[in-house]
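Q: My structure is stored as coords.txt, with compact mmCIF, C-alpha atoms and all ligand atoms.
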```txt
# COMPACT_ATOMS: atom_id res chain seq x y z
CA MET A 17 -12.56 68.50 -24.74
CA SER A 18 -9.58 66.25 -25.55
CA ASP A 19 -7.91 69.18 -27.29
CA ILE A 20 -8.03 71.10 -24.01
CA HIS A 21 -6.69 68.16 -22.01
CA PHE A 22 -4.17 66.78 -24.43
CA ASN A 23 -3.03 69.23 -27.00
CA LYS A 24 -0.07 67.74 -28.89
CA GLU A 25 1.84 70.99 -29.04
CA GLU A 26 0.81 72.64 -25.82
CA GLY A 27 -0.22 69.84 -23.44
CA SER A 28 -3.17 70.65 -21.22
CA LYS A 29 -4.66 74.10 -21.68
CA LEU A 30 -6.92 73.84 -18.65
CA LYS A 31 -6.53 76.47 -15.95
CA LEU A 32 -6.10 74.53 -12.73
CA PHE A 33 -7.66 75.80 -9.51
CA THR A 34 -6.97 72.49 -7.84
CA PRO A 35 -5.36 71.38 -4.60
CA GLY A 36 -2.67 69.66 -6.66
CA PRO A 37 -1.30 68.89 -9.10
CA VAL A 38 -1.34 72.56 -10.02
CA TYR A 39 -0.31 74.79 -12.91
CA VAL A 40 3.43 74.54 -13.55
CA PRO A 41 5.11 77.79 -14.62
CA GLU A 42 7.01 78.06 -17.88
CA ARG A 43 10.36 78.56 -16.11
CA VAL A 44 10.01 75.13 -14.46
CA LEU A 45 8.92 73.40 -17.67
CA LYS A 46 11.94 74.91 -19.39
CA ALA A 47 14.30 73.88 -16.59
CA ILE A 48 13.14 70.27 -16.55
CA SER A 49 13.53 69.96 -20.30
CA LEU A 50 17.26 70.73 -20.14
CA PRO A 51 19.82 67.95 -20.44
CA SER A 52 21.42 66.74 -17.21
CA ASP A 53 24.52 64.88 -16.05
CA THR A 54 24.20 61.59 -14.10
CA HIS A 55 23.23 61.40 -10.45
CA ARG A 56 26.77 60.38 -9.49
CA SER A 57 28.37 63.42 -11.09
CA GLY A 58 29.78 66.63 -9.60
CA PRO A 59 27.25 68.86 -11.39
CA TYR A 60 24.38 66.79 -10.00
CA SER A 61 25.77 67.05 -6.46
CA GLU A 62 26.04 70.82 -6.87
CA MET A 63 22.40 70.93 -7.91
CA HIS A 64 21.34 68.63 -5.07
CA ALA A 65 23.16 70.85 -2.56
CA LYS A 66 21.33 73.90 -3.93
CA ALA A 67 17.98 72.14 -3.53
CA VAL A 68 18.77 71.22 0.08
CA GLU A 69 19.96 74.73 0.90
CA GLY A 70 16.81 76.21 -0.65
CA LEU A 71 14.56 73.84 1.27
CA GLN A 72 16.28 74.77 4.54
CA LYS A 73 15.53 78.43 3.87
CA LEU A 74 11.95 77.69 2.86
CA LEU A 75 11.38 75.73 6.06
CA TYR A 76 13.35 78.00 8.41
CA THR A 77 15.52 75.10 9.49
CA GLU A 78 19.07 73.96 9.92
CA ASN A 79 17.88 70.36 9.90
CA LYS A 80 18.88 68.14 7.03
CA CYS A 81 16.51 68.11 4.08
CA LEU A 82 15.95 64.96 2.04
CA ILE A 83 14.69 64.37 -1.48
CA PHE A 84 12.50 61.34 -2.22
CA THR A 85 11.56 59.79 -5.55
CA SER A 86 7.93 59.40 -4.57
CA SER A 87 4.88 61.45 -3.80
CA ALA A 88 4.17 62.62 -0.23
CA THR A 89 2.65 59.30 0.76
CA GLY A 90 6.08 57.70 0.37
CA ILE A 91 7.51 59.93 3.11
CA MET A 92 4.40 59.37 5.24
CA GLU A 93 5.20 55.67 5.05
CA ALA A 94 8.89 56.33 5.68
CA CYS A 95 7.99 58.18 8.91
CA VAL A 96 5.96 55.24 10.15
CA ARG A 97 8.59 52.64 9.25
CA ASN A 98 11.64 54.58 10.42
CA LEU A 99 10.40 56.16 13.61
CA LEU A 100 8.16 53.68 15.41
CA LYS A 101 9.68 50.69 17.22
CA SER A 102 7.60 47.52 17.47
CA ASP A 103 6.96 48.06 21.20
CA GLU A 104 5.99 51.72 20.80
CA LYS A 105 2.73 53.49 20.01
CA GLY A 106 2.12 56.18 17.44
CA LEU A 107 -0.59 58.80 17.84
CA PHE A 108 -2.32 60.05 14.69
CA LEU A 109 -4.19 63.32 15.16
CA SER A 110 -6.55 63.20 12.20
CA ILE A 111 -8.82 66.00 11.03
CA GLY A 112 -9.78 64.53 7.67
CA ALA A 113 -9.10 62.12 4.84
CA PHE A 114 -5.32 62.56 4.77
CA GLY A 115 -5.01 62.18 8.52
CA ASP A 116 -7.01 58.97 8.21
CA ARG A 117 -4.71 57.87 5.40
CA TRP A 118 -1.59 58.31 7.56
CA TYR A 119 -3.17 56.19 10.27
CA GLN A 120 -3.95 53.56 7.64
CA VAL A 121 -0.32 53.63 6.50
CA GLY A 122 0.65 52.90 10.10
CA GLU A 123 -1.87 50.11 10.40
CA THR A 124 -0.91 48.42 7.13
CA ASN A 125 2.74 48.48 8.19
CA GLY A 126 1.76 46.47 11.26
CA LYS A 127 2.58 49.28 13.70
CA ASN A 128 0.90 49.94 17.00
CA VAL A 129 -1.23 52.93 16.10
CA VAL A 130 -3.95 55.03 17.71
CA LYS A 131 -6.11 57.62 15.97
CA GLU A 132 -7.77 60.61 17.59
CA THR A 133 -10.23 62.48 15.41
CA VAL A 134 -12.49 65.51 15.45
CA GLU A 135 -15.69 66.22 13.61
CA TRP A 136 -14.59 67.05 10.06
CA GLY A 137 -14.31 70.79 9.55
CA LYS A 138 -12.76 71.30 12.96
CA PRO A 139 -9.06 71.58 13.83
CA ILE A 140 -7.04 69.90 16.56
CA ILE A 141 -6.90 72.51 19.27
CA PRO A 142 -4.10 72.37 21.87
CA GLU A 143 -6.44 71.18 24.65
CA LEU A 144 -7.54 68.27 22.51
CA ALA A 145 -3.94 67.27 21.75
CA GLN A 146 -3.12 67.47 25.44
CA GLU A 147 -6.08 65.27 26.30
CA ALA A 148 -5.20 62.72 23.60
CA LEU A 149 -1.57 62.55 24.72
CA SER A 150 -2.47 62.03 28.35
CA LYS A 151 -4.47 58.87 27.54
CA ASP A 152 -1.40 56.70 26.85
CA LYS A 153 2.35 56.69 26.35
CA TYR A 154 3.20 57.64 22.77
CA SER A 155 6.56 57.89 21.01
CA VAL A 156 5.62 59.60 17.77
CA VAL A 157 2.84 62.03 16.85
CA PHE A 158 1.64 62.39 13.26
CA LEU A 159 -0.52 65.26 12.03
CA GLN A 160 -1.34 67.45 9.04
CA SER A 161 -0.72 71.18 9.03
CA ASN A 162 -3.23 71.66 6.21
CA GLU A 163 -5.95 69.05 5.70
CA THR A 164 -6.74 69.16 2.00
CA SER A 165 -10.09 67.39 2.24
CA THR A 166 -11.74 69.68 4.79
CA GLY A 167 -9.74 72.84 3.99
CA VAL A 168 -8.77 73.23 7.65
CA TYR A 169 -5.41 74.60 8.76
CA ASN A 170 -4.43 73.38 12.22
CA PRO A 171 -3.24 76.04 14.71
CA MET A 172 0.36 74.83 14.39
CA GLU A 173 2.04 77.63 16.33
CA ASP A 174 -0.02 76.78 19.43
CA LEU A 175 -0.36 73.07 18.85
CA ILE A 176 3.24 71.92 18.36
CA PRO A 177 4.61 73.54 21.55
CA VAL A 178 1.88 71.81 23.57
CA ILE A 179 2.83 68.43 22.07
CA LYS A 180 6.53 69.06 22.69
CA ASP A 181 5.92 70.30 26.22
CA HIS A 182 3.96 67.18 27.04
CA ASP A 183 7.05 65.07 26.38
CA PRO A 184 10.20 66.58 24.87
CA ASN A 185 11.23 63.11 23.64
CA LEU A 186 8.18 62.81 21.41
CA ILE A 187 9.00 62.81 17.72
CA VAL A 188 6.59 65.06 15.81
CA CYS A 189 5.93 64.43 12.11
CA VAL A 190 4.00 67.01 10.11
CA ASP A 191 2.44 66.42 6.72
CA ALA A 192 2.61 69.86 5.13
CA THR A 193 1.83 68.54 1.65
CA SER A 194 -0.74 71.19 0.74
CA SER A 195 0.80 74.13 2.59
CA MET A 196 4.60 73.95 2.23
CA ALA A 197 5.69 77.06 0.26
CA GLY A 198 2.22 78.55 0.66
CA ILE A 199 1.82 78.99 4.42
CA LYS A 200 4.69 79.85 6.74
CA LEU A 201 5.80 77.11 9.10
CA GLU A 202 9.01 77.65 11.06
CA ILE A 203 10.43 74.19 11.67
CA ASP A 204 13.24 74.96 14.12
CA LYS A 205 11.24 77.49 16.13
CA LEU A 206 8.50 74.90 16.68
CA GLY A 207 10.81 71.88 16.97
CA ILE A 208 9.13 69.81 14.24
CA ASP A 209 11.13 66.62 13.65
CA VAL A 210 9.93 65.71 10.18
CA CYS A 211 8.08 68.11 7.89
CA LEU A 212 7.14 66.62 4.53
CA ALA A 213 5.41 67.53 1.29
CA SER A 214 5.16 66.52 -2.32
CA VAL A 215 6.06 69.18 -4.85
CA GLN A 216 2.93 69.27 -7.04
CA LYS A 217 1.06 71.63 -4.74
CA CYS A 218 2.30 74.99 -3.42
CA LEU A 219 5.75 74.39 -4.93
CA ALA A 220 4.10 74.22 -8.37
CA LEU A 221 6.23 71.47 -9.87
CA PRO A 222 5.03 68.45 -11.80
CA PRO A 223 4.31 65.44 -9.52
CA GLY A 224 6.85 62.72 -8.79
CA LEU A 225 9.09 64.18 -6.10
CA ALA A 226 8.69 64.70 -2.36
CA VAL A 227 10.84 66.48 0.20
CA CYS A 228 11.22 66.65 3.95
CA SER A 229 13.27 68.15 6.73
CA ILE A 230 14.52 65.75 9.38
CA SER A 231 15.88 66.54 12.84
CA ASP A 232 18.93 64.93 14.46
CA ALA A 233 16.59 63.39 17.03
CA ALA A 234 14.58 61.71 14.27
CA ILE A 235 17.75 60.42 12.61
CA GLU A 236 18.99 59.07 15.94
CA LYS A 237 15.62 57.44 16.55
CA ALA A 238 15.69 55.76 13.13
CA GLY A 239 18.98 54.19 14.18
CA GLN A 240 17.13 52.36 16.97
CA VAL A 241 14.28 51.07 14.77
CA LYS A 242 14.51 47.67 13.10
CA ASN A 243 13.02 46.76 9.72
CA ARG A 244 13.01 50.25 8.30
CA GLY A 245 12.72 48.77 4.84
CA TYR A 246 15.06 49.46 1.95
CA TYR A 247 13.90 52.19 -0.45
CA PHE A 248 12.76 54.66 2.21
CA ASP A 249 15.37 54.02 4.89
CA PHE A 250 16.04 57.43 6.46
CA LEU A 251 19.60 56.44 7.41
CA THR A 252 20.56 55.46 3.85
CA LEU A 253 18.99 58.67 2.55
CA VAL A 254 20.80 60.79 5.16
CA LYS A 255 24.12 59.06 4.41
CA LYS A 256 23.89 59.78 0.69
CA ASN A 257 22.55 63.27 1.34
CA LYS A 258 25.85 64.05 3.10
CA VAL A 259 27.57 63.75 -0.27
CA ASN A 260 24.69 65.53 -1.98
CA GLN A 261 23.28 62.47 -3.61
CA THR A 262 20.36 60.07 -3.26
CA PRO A 263 20.76 56.29 -2.72
CA ASN A 264 19.02 55.46 -6.03
CA THR A 265 18.49 57.24 -9.31
CA PRO A 266 16.37 60.33 -8.62
CA PRO A 267 14.26 62.22 -11.18
CA ILE A 268 17.14 64.54 -12.05
CA PRO A 269 15.11 66.93 -14.25
CA GLN A 270 12.58 67.33 -11.42
CA ILE A 271 15.35 68.34 -9.05
CA ARG A 272 16.52 70.92 -11.58
CA GLY A 273 12.94 72.20 -11.59
CA LEU A 274 12.91 72.30 -7.79
CA VAL A 275 16.11 74.34 -7.70
CA THR A 276 14.67 76.75 -10.27
CA GLN A 277 11.47 77.15 -8.30
CA LEU A 278 13.21 77.55 -4.93
CA ASP A 279 15.45 80.22 -6.46
CA TYR A 280 12.36 82.04 -7.75
CA ILE A 281 10.51 81.74 -4.43
CA LEU A 282 13.43 82.83 -2.28
CA ASN A 283 15.10 85.41 -4.49
CA GLU A 284 12.44 86.80 -6.81
CA GLU A 285 8.99 86.60 -5.26
CA GLY A 286 10.30 86.45 -1.69
CA LEU A 287 9.02 84.13 1.03
CA GLU A 288 6.95 86.69 2.92
CA LYS A 289 5.33 87.96 -0.27
CA ARG A 290 4.50 84.42 -1.31
CA PHE A 291 2.83 83.71 2.02
CA GLN A 292 0.96 87.02 1.84
CA ARG A 293 -0.27 86.24 -1.67
CA HIS A 294 -1.69 82.94 -0.43
CA THR A 295 -3.34 84.74 2.49
CA GLN A 296 -4.98 87.17 0.05
CA LEU A 297 -6.13 84.31 -2.17
CA GLY A 298 -7.73 82.58 0.82
CA LYS A 299 -9.41 85.77 2.02
CA ARG A 300 -10.72 86.67 -1.41
CA THR A 301 -12.20 83.21 -1.91
CA ARG A 302 -13.93 83.36 1.48
CA MET A 303 -15.29 86.81 0.67
CA TRP A 304 -16.67 85.50 -2.61
CA ALA A 305 -18.29 82.54 -0.81
CA ARG A 306 -19.89 84.90 1.70
CA ASP A 307 -21.26 87.10 -1.10
CA MET A 308 -22.65 83.98 -2.80
CA ASN A 309 -24.24 82.74 0.45
CA ILE A 310 -22.05 79.66 0.32
CA GLU A 311 -20.93 78.53 3.77
CA MET A 312 -17.32 77.55 4.35
CA PHE A 313 -16.84 73.97 5.53
CA PRO A 314 -14.13 74.69 8.13
CA GLU A 315 -14.88 76.19 11.49
CA LYS A 316 -14.38 79.95 11.35
CA GLY A 317 -10.80 80.97 12.05
CA TYR A 318 -9.26 77.72 10.85
CA GLU A 319 -9.81 78.08 7.09
CA SER A 320 -6.87 77.19 4.89
CA ASN A 321 -5.28 79.83 2.68
CA THR A 322 -4.28 77.31 0.03
CA VAL A 323 -7.51 75.37 -0.47
CA SER A 324 -11.07 76.46 0.22
CA THR A 325 -13.64 73.77 0.98
CA MET A 326 -17.22 75.02 0.73
CA LYS A 327 -20.51 73.46 1.76
CA ASN A 328 -23.41 72.85 -0.57
CA THR A 329 -25.48 75.61 1.03
CA LEU A 330 -27.18 76.46 -2.27
CA ASN A 331 -28.04 72.82 -2.88
CA ILE A 332 -26.69 72.69 -6.41
CA ASP A 333 -25.27 69.80 -8.37
CA TYR A 334 -21.55 70.25 -7.71
CA ALA A 335 -20.56 67.51 -10.16
CA GLU A 336 -22.41 69.39 -12.90
CA MET A 337 -20.85 72.68 -11.75
CA VAL A 338 -17.36 71.16 -12.04
CA ASN A 339 -18.25 69.87 -15.53
CA ARG A 340 -19.53 73.23 -16.68
CA MET A 341 -16.35 74.89 -15.41
CA LEU A 342 -14.35 72.37 -17.44
CA LEU A 343 -16.21 73.45 -20.57
CA LYS A 344 -15.07 77.00 -19.79
CA GLY A 345 -11.47 75.79 -19.49
CA TYR A 346 -11.20 75.71 -15.70
CA ARG A 347 -10.74 72.81 -13.33
CA ILE A 348 -12.07 73.18 -9.83
CA VAL A 349 -12.76 70.06 -7.78
CA ASN A 350 -15.60 68.29 -6.06
CA GLY A 351 -15.39 67.35 -2.37
CA TYR A 352 -12.92 64.65 -1.34
CA GLY A 353 -14.08 61.13 -0.50
CA SER A 354 -17.15 61.19 1.71
CA LEU A 355 -17.47 64.95 1.15
CA VAL A 356 -18.21 64.58 -2.56
CA ASN A 357 -21.23 66.72 -3.61
CA LYS A 358 -21.58 67.86 0.00
CA THR A 359 -18.66 70.22 -0.60
CA PHE A 360 -16.55 71.51 -3.47
CA ARG A 361 -13.03 72.86 -3.41
CA ILE A 362 -11.08 75.66 -5.01
CA GLY A 363 -7.33 75.25 -4.88
CA HIS A 364 -5.51 78.59 -4.75
CA MET A 365 -1.94 77.49 -4.34
CA GLY A 366 1.33 77.72 -6.21
CA GLU A 367 1.58 80.48 -8.79
CA ILE A 368 -2.04 81.66 -8.93
CA SER A 369 -2.40 85.44 -8.78
CA LEU A 370 -5.28 87.42 -7.33
CA LYS A 371 -6.21 88.44 -10.86
CA ASP A 372 -6.32 84.80 -12.00
CA LEU A 373 -8.61 84.06 -9.08
CA GLU A 374 -10.90 87.02 -9.82
CA ASN A 375 -11.24 85.90 -13.45
CA MET A 376 -12.12 82.36 -12.41
CA LEU A 377 -14.59 83.47 -9.74
CA LYS A 378 -16.43 85.66 -12.25
CA ILE A 379 -16.98 82.65 -14.48
CA LEU A 380 -17.92 80.44 -11.55
CA THR A 381 -20.46 83.01 -10.38
CA ASP A 382 -22.07 82.90 -13.80
CA VAL A 383 -22.05 79.09 -13.92
CA ILE A 384 -23.71 78.92 -10.49
CA ALA A 385 -26.36 81.50 -11.49
CA LYS A 386 -27.26 79.42 -14.56
CA LEU A 387 -27.35 76.20 -12.56
CA ARG A 388 -29.72 77.79 -10.08
CA LEU A 389 -32.01 78.79 -12.94
CA ASN A 390 -31.66 75.20 -14.13
CA ALA A 391 -30.44 76.54 -17.44
C1 LIG B 401 -2.49 66.75 3.14
C2 LIG B 401 -2.08 65.72 2.15
N1 LIG B 401 -1.33 64.71 2.55
C3 LIG B 401 -0.95 63.74 1.71
C4 LIG B 401 -1.34 63.74 0.40
C5 LIG B 401 -0.89 62.67 -0.50
O1 LIG B 401 0.02 63.23 -1.37
P1 LIG B 401 0.64 62.44 -2.61
O2 LIG B 401 -0.48 62.20 -3.54
O3 LIG B 401 1.68 63.39 -3.10
O4 LIG B 401 1.21 61.18 -2.06
C6 LIG B 401 -2.13 64.78 -0.08
C7 LIG B 401 -2.59 64.81 -1.47
O5 LIG B 401 -3.44 65.55 -1.87
C8 LIG B 401 -2.51 65.80 0.82
O6 LIG B 401 -3.24 66.82 0.41
```
Would you mind writing the file's structure down as structure tokens?
Ligand SMILES: Cc1ncc(COP(=O)(O)O)c(C=O)c1O

A:
Amino acid sequence: MSDIHFNKEEGSKLKLFTPGPVYVPERVLKAISLPSDTHRSGPYSEMHAKAVEGLQKLLYTENKCLIFTSSATGIMEACVRNLLKSDEKGLFLSIGAFGDRWYQVGETNGKNVVKETVEWGKPIIPELAQEALSKDKYSVVFLQSNETSTGVYNPMEDLIPVIKDHDPNLIVCVDATSSMAGIKLEIDKLGIDVCLASVQKCLALPPGLAVCSISDAAIEKAGQVKNRGYYFDFLTLVKKNKVNQTPNTPPIPQIRGLVTQLDYILNEEGLEKRFQRHTQLGKRTRMWARDMNIEMFPEKGYESNTVSTMKNTLNIDYAEMVNRMLLKGYRIVNGYGSLVNKTFRIGHMGEISLKDLENMLKILTDVIAKLRLNA
């Protein structure tokens, strides 16, 4: 097994069907292994500018885009610290484990936070958001586009306008960690103030970097908030971003990888094609589940196209299933947190092709058949 996980020459040889970190393509590995200049050099700034420009295209936005030396949770914390004043309330619309985590980030930062939830597997529908907003006066709303634990994709195109219509001054922060670069989300059209993600999911880069778009309204708001902290102060990041730099030393090779990947996504695969491929991957996985008599965990119509969460309809040992897949060279994952063994998940994000998915599903079908025979 260790040879599969840690091969001295080739690294891990496992085929990852995970909701991140995911398989990293050769072009990115090559790019990040190249030598770089320092983060205060002209060549770095050129590279930084390219990354920002690419992110703006990816997110359909003219807003500024920032690069963080952290995973997504760092920006989730930055949103809480930079955008909520001490006398204001933040509303967290949670549909699963990562929504709950954002609320917890708010709580542990001593902010005034309120959480509205749904039964896991369900989305936040516009009526529910409306109802939640009308209960109190909120300044910032936090929500996931794609909830990686339940495999639910919120109806963002309907939901965000309802939130914005309720109060145009509301700042809306979206955690798109497991859908950015996999599912289309038009930031400016919807008026999303902060849209964040880490790069080890649909962007298919190694972990360690996170990105976000930030509106002028959010930047202005940060200017009114005290105690924003030091490392994740939006204003310091925005100031340095103006000269195409970061306040502190960033993972320069990672940013080279990001530029390489954005160039591939925008100019070789094409955005629409990339979104379509993810749609096909989601559909194919759901078709397979139906044929296997495995029920999807999300409510019908709200299933994610980047990660499929499936119930334990067949009553099999999912931990053992995951182990047997590992022996075949594939990593799929058990349910997240409280959903462990009650669900399992297939990640189909990043660079996975339909053919890759078909090959994996064939093997998984066989593994499940043997498990059912108790073989
Ligand atoms: C929806 C969502 N939000 C946040 C996170 C946390 O991301 P990170 O581990 O990059 O901080 C994850 C990780 O899986 C996620 O799926």

Q: Which residues are near ligand LIG 401 (chain B) - at most 9 Å, using all atoms listed in the file? Format: as a PyMOL selection string.

A: chain A and resi 35-37+86-92+112-115+117-118+160-165+191-195+212-217+223-226

Q: Can you pull out the residues contacting Gly245 (chain A)? Cut-off 10 Å, using only C-alpha atoms, and skip same-chain residues under 4 positions away; I want them as a list in words.

A: Ala94, Arg97, Asn98, Asp249 and Phe250 of chain A

Q: What lies within 8 Å of Leu100 (chain A) using only C-alpha atoms, ignoring chain neighbours under 4 positions off, as a list in words?

A: Cys95, Val96, Glu104, Lys105, Gly106, Lys127, Ser155, Val156 and Val241 of chain A

Q: Name the closest residue to Cys211 (chain A) among the candidates A:Lys255, A:Arg272, A:Lys138, A:Lys80; distances are taken between atoms, counting all atoms listed in the file.

A: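 Between A:Lys255, A:Arg272, A:Lys138, A:Lys80, the residue approaching Cys211 (chain A) most closely is A:Lys80.
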
Q: Could you check the closest approach to Glu336 (chain A) for each of A:Val323, A:Tyr76, A:Asn257, A:Asn390 and tell me which residue wins, using all atoms listed in the file?

A: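 Smallest distance to Glu336 (chain A) is found for A:Asn390.
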
Q: Please, what distance in Å, to one decimal, runs between CA of Glu202 (chain A) and CA of Ser369 (chain A)?

A: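 These two atoms are separated by 24.2 Å.
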
Q: Report, as JSON, the axis-aligned box around all atoms of region 109-123 of chain A present in the file, extended by 4 Å on each side; give centre and edge lengths in Å to one decimal place.

A:
```
{"center_x": -4.6, "center_y": 58.1, "center_z": 10.0, "size_x": 18.4, "size_y": 23.9, "size_z": 18.4}
```

Q: My list of candidates is A:Gly239, A:Gly137, A:Gly207, A:Pro171. Which is closest to Ile187 (chain A) when distances are computed with only C-alpha atoms?

A: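 Using only C-alpha atoms, the shortest distance to Ile187 (chain A) belongs to A:Gly207.
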
Q: What lies within 10 Å of region 278-291 of chain A using all atoms listed in the file, ignoring chain neighbours under 2 positions off, as a PDB file with C-alpha atoms, in the coordinates of the input?

A:
```pdb
ATOM      1  CA  ARG A  43      10.360  78.560 -16.110  1.00  0.00           C
ATOM      2  CA  VAL A  44      10.010  75.130 -14.460  1.00  0.00           C
ATOM      3  CA  LYS A  66      21.330  73.900  -3.930  1.00  0.00           C
ATOM      4  CA  ALA A  67      17.980  72.140  -3.530  1.00  0.00           C
ATOM      5  CA  VAL A  68      18.770  71.220   0.080  1.00  0.00           C
ATOM      6  CA  GLU A  69      19.960  74.730   0.900  1.00  0.00           C
ATOM      7  CA  GLY A  70      16.810  76.210  -0.650  1.00  0.00           C
ATOM      8  CA  LEU A  71      14.560  73.840   1.270  1.00  0.00           C
ATOM      9  CA  LYS A  73      15.530  78.430   3.870  1.00  0.00           C
ATOM     10  CA  LEU A  74      11.950  77.690   2.860  1.00  0.00           C
ATOM     11  CA  SER A 195       0.800  74.130   2.590  1.00  0.00           C
ATOM     12  CA  MET A 196       4.600  73.950   2.230  1.00  0.00           C
ATOM     13  CA  ALA A 197       5.690  77.060   0.260  1.00  0.00           C
ATOM     14  CA  GLY A 198       2.220  78.550   0.660  1.00  0.00           C
ATOM     15  CA  ILE A 199       1.820  78.990   4.420  1.00  0.00           C
ATOM     16  CA  LYS A 200       4.690  79.850   6.740  1.00  0.00           C
ATOM     17  CA  CYS A 218       2.300  74.990  -3.420  1.00  0.00           C
ATOM     18  CA  LEU A 219       5.750  74.390  -4.930  1.00  0.00           C
ATOM     19  CA  ARG A 272      16.520  70.920 -11.580  1.00  0.00           C
ATOM     20  CA  GLY A 273      12.940  72.200 -11.590  1.00  0.00           C
ATOM     21  CA  LEU A 274      12.910  72.300  -7.790  1.00  0.00           C
ATOM     22  CA  VAL A 275      16.110  74.340  -7.700  1.00  0.00           C
ATOM     23  CA  THR A 276      14.670  76.750 -10.270  1.00  0.00           C
ATOM     24  CA  ARG A 293      -0.270  86.240  -1.670  1.00  0.00           C
ATOM     25  CA  HIS A 294      -1.690  82.940  -0.430  1.00  0.00           C
ATOM     26  CA  THR A 295      -3.340  84.740   2.490  1.00  0.00           C
ATOM     27  CA  GLN A 296      -4.980  87.170   0.050  1.00  0.00           C
ATOM     28  CA  LEU A 297      -6.130  84.310  -2.170  1.00  0.00           C
ATOM     29  CA  ASN A 321      -5.280  79.830   2.680  1.00  0.00           C
ATOM     30  CA  THR A 322      -4.280  77.310   0.030  1.00  0.00           C
ATOM     31  CA  MET A 365      -1.940  77.490  -4.340  1.00  0.00           C
ATOM     32  CA  GLY A 366       1.330  77.720  -6.210  1.00  0.00           C
ATOM     33  CA  GLU A 367       1.580  80.480  -8.790  1.00  0.00           C
TER      34      GLU A 367
END
```

Q: Any idea what the distance is between CA of Gly351 (chain A) and CA of Lys29 (chain A)?

A: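 Separation between CA of Gly351 (chain A) and CA of Lys29 (chain A): 23.1 Å.
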
Q: May I ask for the distance between CA of Cys189 (chain A) and CA of His55 (chain A), given in Å to one decimal place?

A: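 A separation of 28.6 Å between them.
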
Q: Taking only C-alpha atoms into account, name the residue in A:Leu149, A:Glu315, A:Asp181, A:Gln277 that is nearest to Ala220 (chain A).

A: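 Looking only at the distances to Ala220 (chain A), the closest residue turns out to be A:Gln277.
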
Q: Around (-11.0, 76.8, -21.4), as given in the file, which residues come within 7 Å? Count all atoms listed in the file and list them as JSON, numbers by chain.

A: {"A": [20, 29, 30, 342, 343, 344, 345, 346]}

Q: Counting only C-alpha atoms, figure out which residue out of A:Asn357, A:Gly167, A:Asn309, A:Leu99 gets nearest to Gln240 (chain A).

A: A:Leu99
